[in-house]
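The data block below is entry02.pdb; it holds PDB, C-alpha atoms, pLDDT in the B column.
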```
ATOM      1  CA  GLY A   1     104.430  83.687 121.681  1.00 55.00           C
ATOM      2  CA  GLU A   2     101.886  84.746 119.145  1.00 58.00           C
ATOM      3  CA  VAL A   3     101.010  88.129 117.718  1.00 59.00           C
ATOM      4  CA  TRP A   4      97.408  88.724 116.698  1.00 57.00           C
ATOM      5  CA  ARG A   5      96.289  91.649 114.589  1.00 54.00           C
ATOM      6  CA  PHE A   6      92.730  92.919 114.797  1.00 52.00           C
ATOM      7  CA  ALA A   7      91.199  95.979 113.184  1.00 55.00           C
ATOM      8  CA  SER A   8      87.690  96.971 112.291  1.00 51.00           C
ATOM      9  CA  SER A   9      88.246  96.789 108.526  1.00 52.00           C
ATOM     10  CA  TRP A  10      90.728  93.880 108.436  1.00 51.00           C
ATOM     11  CA  GLU A  11      90.408  90.189 109.194  1.00 55.00           C
ATOM     12  CA  ALA A  12      92.168  88.749 112.225  1.00 57.00           C
ATOM     13  CA  ALA A  13      95.632  87.398 111.470  1.00 65.00           C
ATOM     14  CA  ARG A  14      98.488  86.039 113.523  1.00 71.00           C
ATOM     15  CA  VAL A  15     102.213  85.363 113.501  1.00 78.00           C
ATOM     16  CA  ALA A  16     102.949  82.207 115.477  1.00 77.00           C
ATOM     17  CA  GLY A  17     106.223  81.909 117.366  1.00 80.00           C
ATOM     18  CA  ALA A  18     106.807  85.668 117.490  1.00 79.00           C
ATOM     19  CA  GLU A  19     109.965  86.600 119.372  1.00 79.00           C
ATOM     20  CA  ALA A  20     110.233  90.316 118.558  1.00 79.00           C
ATOM     21  CA  VAL A  21     107.553  92.798 117.532  1.00 81.00           C
ATOM     22  CA  SER A  22     107.402  96.504 116.641  1.00 78.00           C
ATOM     23  CA  MET A  23     104.311  98.393 115.526  1.00 78.00           C
ATOM     24  CA  ARG A  24     103.364 101.788 114.182  1.00 79.00           C
ATOM     25  CA  ASP A  25     102.130 102.529 110.619  1.00 81.00           C
ATOM     26  CA  ALA A  26     104.097  99.492 109.475  1.00 82.00           C
ATOM     27  CA  HIS A  27     104.071  96.460 111.740  1.00 85.00           C
ATOM     28  CA  VAL A  28     106.801  93.834 111.904  1.00 89.00           C
ATOM     29  CA  ALA A  29     107.394  90.585 113.771  1.00 89.00           C
ATOM     30  CA  VAL A  30     110.221  88.048 113.837  1.00 91.00           C
ATOM     31  CA  ASP A  31     109.268  84.396 114.265  1.00 90.00           C
ATOM     32  CA  SER A  32     111.265  81.704 116.065  1.00 89.00           C
ATOM     33  CA  ASP A  33     113.067  80.823 112.808  1.00 91.00           C
ATOM     34  CA  GLY A  34     114.304  84.412 112.353  1.00 93.00           C
ATOM     35  CA  ALA A  35     111.889  85.101 109.494  1.00 93.00           C
ATOM     36  CA  VAL A  36     110.404  88.595 109.254  1.00 93.00           C
ATOM     37  CA  TRP A  37     106.657  89.190 108.790  1.00 91.00           C
ATOM     38  CA  VAL A  38     105.194  92.621 107.974  1.00 90.00           C
ATOM     39  CA  TRP A  39     101.756  94.179 107.573  1.00 88.00           C
ATOM     40  CA  GLY A  40     100.144  97.607 107.680  1.00 87.00           C
ATOM     41  CA  TYR A  41     100.693 100.668 105.517  1.00 86.00           C
ATOM     42  CA  GLY A  42     103.093 100.203 102.591  1.00 87.00           C
ATOM     43  CA  ASP A  43     103.644 103.890 101.735  1.00 87.00           C
ATOM     44  CA  ASP A  44     107.115 104.583 100.281  1.00 86.00           C
ATOM     45  CA  GLY A  45     107.935 100.861 100.371  1.00 85.00           C
ATOM     46  CA  ALA A  46     107.819 100.847 104.179  1.00 84.00           C
ATOM     47  CA  LEU A  47     107.098  97.119 104.414  1.00 86.00           C
ATOM     48  CA  GLY A  48     110.067  95.977 102.364  1.00 85.00           C
ATOM     49  CA  VAL A  49     108.139  93.527 100.209  1.00 89.00           C
ATOM     50  CA  GLY A  50     108.797  95.171  96.863  1.00 89.00           C
ATOM     51  CA  GLY A  51     105.891  97.556  96.518  1.00 90.00           C
ATOM     52  CA  GLU A  52     103.907 100.331  98.130  1.00 91.00           C
ATOM     53  CA  GLU A  53     100.663  98.458  98.674  1.00 92.00           C
ATOM     54  CA  ASP A  54      99.135  98.076 102.125  1.00 90.00           C
ATOM     55  CA  GLU A  55      99.189  94.524 103.471  1.00 89.00           C
ATOM     56  CA  TYR A  56      96.169  93.490 105.500  1.00 85.00           C
ATOM     57  CA  ARG A  57      97.636  90.190 106.703  1.00 85.00           C
ATOM     58  CA  PRO A  58     101.201  89.315 107.761  1.00 89.00           C
ATOM     59  CA  VAL A  59     103.440  88.733 104.717  1.00 91.00           C
ATOM     60  CA  ARG A  60     106.885  87.140 104.939  1.00 92.00           C
ATOM     61  CA  VAL A  61     109.764  89.344 103.748  1.00 92.00           C
ATOM     62  CA  GLN A  62     111.634  87.195 101.219  1.00 91.00           C
ATOM     63  CA  ALA A  63     114.572  89.559 100.533  1.00 88.00           C
ATOM     64  CA  LEU A  64     116.425  88.973 103.809  1.00 90.00           C
ATOM     65  CA  PRO A  65     119.229  86.416 103.298  1.00 87.00           C
ATOM     66  CA  THR A  66     119.851  85.508 106.931  1.00 90.00           C
ATOM     67  CA  ARG A  67     118.209  85.100 110.344  1.00 94.00           C
ATOM     68  CA  VAL A  68     116.903  88.329 111.885  1.00 95.00           C
ATOM     69  CA  VAL A  69     117.248  88.974 115.618  1.00 94.00           C
ATOM     70  CA  ALA A  70     115.680  92.436 116.088  1.00 93.00           C
ATOM     71  CA  VAL A  71     113.180  94.668 114.287  1.00 91.00           C
ATOM     72  CA  SER A  72     111.792  98.172 114.431  1.00 90.00           C
ATOM     73  CA  ALA A  73     108.887  99.849 112.647  1.00 86.00           C
ATOM     74  CA  GLY A  74     107.938 103.493 112.478  1.00 83.00           C
ATOM     75  CA  PHE A  75     106.501 106.170 110.257  1.00 84.00           C
ATOM     76  CA  ARG A  76     107.069 104.827 106.702  1.00 82.00           C
ATOM     77  CA  PHE A  77     109.940 102.513 107.584  1.00 85.00           C
ATOM     78  CA  THR A  78     110.744  99.027 108.788  1.00 86.00           C
ATOM     79  CA  ALA A  79     114.233  97.985 109.908  1.00 90.00           C
ATOM     80  CA  ALA A  80     115.792  94.655 110.842  1.00 92.00           C
ATOM     81  CA  VAL A  81     119.096  93.563 112.383  1.00 94.00           C
ATOM     82  CA  ASP A  82     120.441  90.215 111.227  1.00 94.00           C
ATOM     83  CA  MET A  83     122.434  87.680 113.256  1.00 94.00           C
ATOM     84  CA  TYR A  84     125.707  89.169 111.989  1.00 95.00           C
ATOM     85  CA  GLY A  85     124.837  92.734 113.026  1.00 95.00           C
ATOM     86  CA  GLY A  86     123.817  93.867 109.537  1.00 95.00           C
ATOM     87  CA  VAL A  87     121.061  96.457 109.367  1.00 94.00           C
ATOM     88  CA  TRP A  88     118.333  96.151 106.701  1.00 92.00           C
ATOM     89  CA  THR A  89     115.855  98.914 105.903  1.00 87.00           C
TER      90      THR A  89
END
```
Go ahead and express the file in the form of structure tokens.
Amino acid sequence: GEVWRFASSWEAARVAGAEAVSMRDAHVAVDSDGAVWVWGYGDDGALGVGGEEDEYRPVRVQALPTRVVAVSAGFRFTAAVDMYGGVWT
């Protein structure tokens, strides 16, 4: 499927081929290739993209070395489970 993000102060953006999604302050989606895309509030490094800036459009997380099969997002955190059962936060 596809995940679309709309908000009054942000442009529309989408993640094509989304297979898993979790949303709260940080938002995260996994595409059909197992790549992780994040957007939302970056407080305390919650998005996992190397900084604390907010991301207004989906950004691919480059630090994950393998295919991701599940994700979760919450208050100031994002977590992912890779195909080998490893947990990344």
*asked:* Going by the chain IDs and residue numbers used in this file, which residues fall under the PyMOL selection byres ((chain A and resi 42) around 6)? Write them as a VMD selection string.
replied: chain A and resid 41 43 45 to 47 52 to 54
Return as lines of an AutoDock Vina configuration file the box centre and box size in Å, one decimal, for an axis-aligned box around all listed atoms of stretch 79-88 of chain A padded by 3 Å per side.
```
center_x = 120.0
center_y = 92.8
center_z = 110.0
size_x = 17.5
size_y = 16.3
size_z = 12.6
```
*Using all atoms listed in the file, which residues sit within 9 Å of A:Asp44 once same-chain residues fewer than 5 positions away are excluded, as a list in words?*
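What passes the distance filter is Gly51, Glu52, Arg76 and Phe77 of chain A.
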*Care to translate the PyMOL selection byres ((chain A and resi 87) around 12) into actual residues of this file, as number ranges by chain?*
A: 64-72, 78-86, 88-89
*Would you mind telling me which residue in A:Val38, A:Ala73, A:Val21, A:Val15 lies nearest to A:Glu55 when using all atoms listed in the file?*
A:Val38
*Can you tell me how far atom CA of A:Ser32 sits from atom CA of A:Tyr56, in Å to one decimal?*
21.9 Å
*asked:* Report, in Å to a single decimal, how far apart atom CA of A:Arg57 and atom CA of A:Gly40 are.
replied: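 Going from atom CA of A:Gly40 over to atom CA of A:Arg57 covers 7.9 Å.
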For the structure shown, which residues end up in the PyMOL selection byres ((chain A and resi 17) around 10)? Put them as a PDB file with C-alpha atoms, in the coordinates of the input, please?
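Saved to out-v9.pdb:
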```pdb
ATOM      1  CA  GLY A   1     104.430  83.687 121.681  1.00 55.00           C
ATOM      2  CA  GLU A   2     101.886  84.746 119.145  1.00 58.00           C
ATOM      3  CA  VAL A   3     101.010  88.129 117.718  1.00 59.00           C
ATOM      4  CA  ARG A  14      98.488  86.039 113.523  1.00 71.00           C
ATOM      5  CA  VAL A  15     102.213  85.363 113.501  1.00 78.00           C
ATOM      6  CA  ALA A  16     102.949  82.207 115.477  1.00 77.00           C
ATOM      7  CA  ALA A  18     106.807  85.668 117.490  1.00 79.00           C
ATOM      8  CA  GLU A  19     109.965  86.600 119.372  1.00 79.00           C
ATOM      9  CA  ALA A  20     110.233  90.316 118.558  1.00 79.00           C
ATOM     10  CA  ALA A  29     107.394  90.585 113.771  1.00 89.00           C
ATOM     11  CA  VAL A  30     110.221  88.048 113.837  1.00 91.00           C
ATOM     12  CA  ASP A  31     109.268  84.396 114.265  1.00 90.00           C
ATOM     13  CA  SER A  32     111.265  81.704 116.065  1.00 89.00           C
ATOM     14  CA  ASP A  33     113.067  80.823 112.808  1.00 91.00           C
ATOM     15  CA  GLY A  34     114.304  84.412 112.353  1.00 93.00           C
TER      16      GLY A  34
END
```
*Could you tell me how far atom CA of A:Val59 lies from atom CA of A:Arg24, in Å and to one decimal?*
16.1 Å
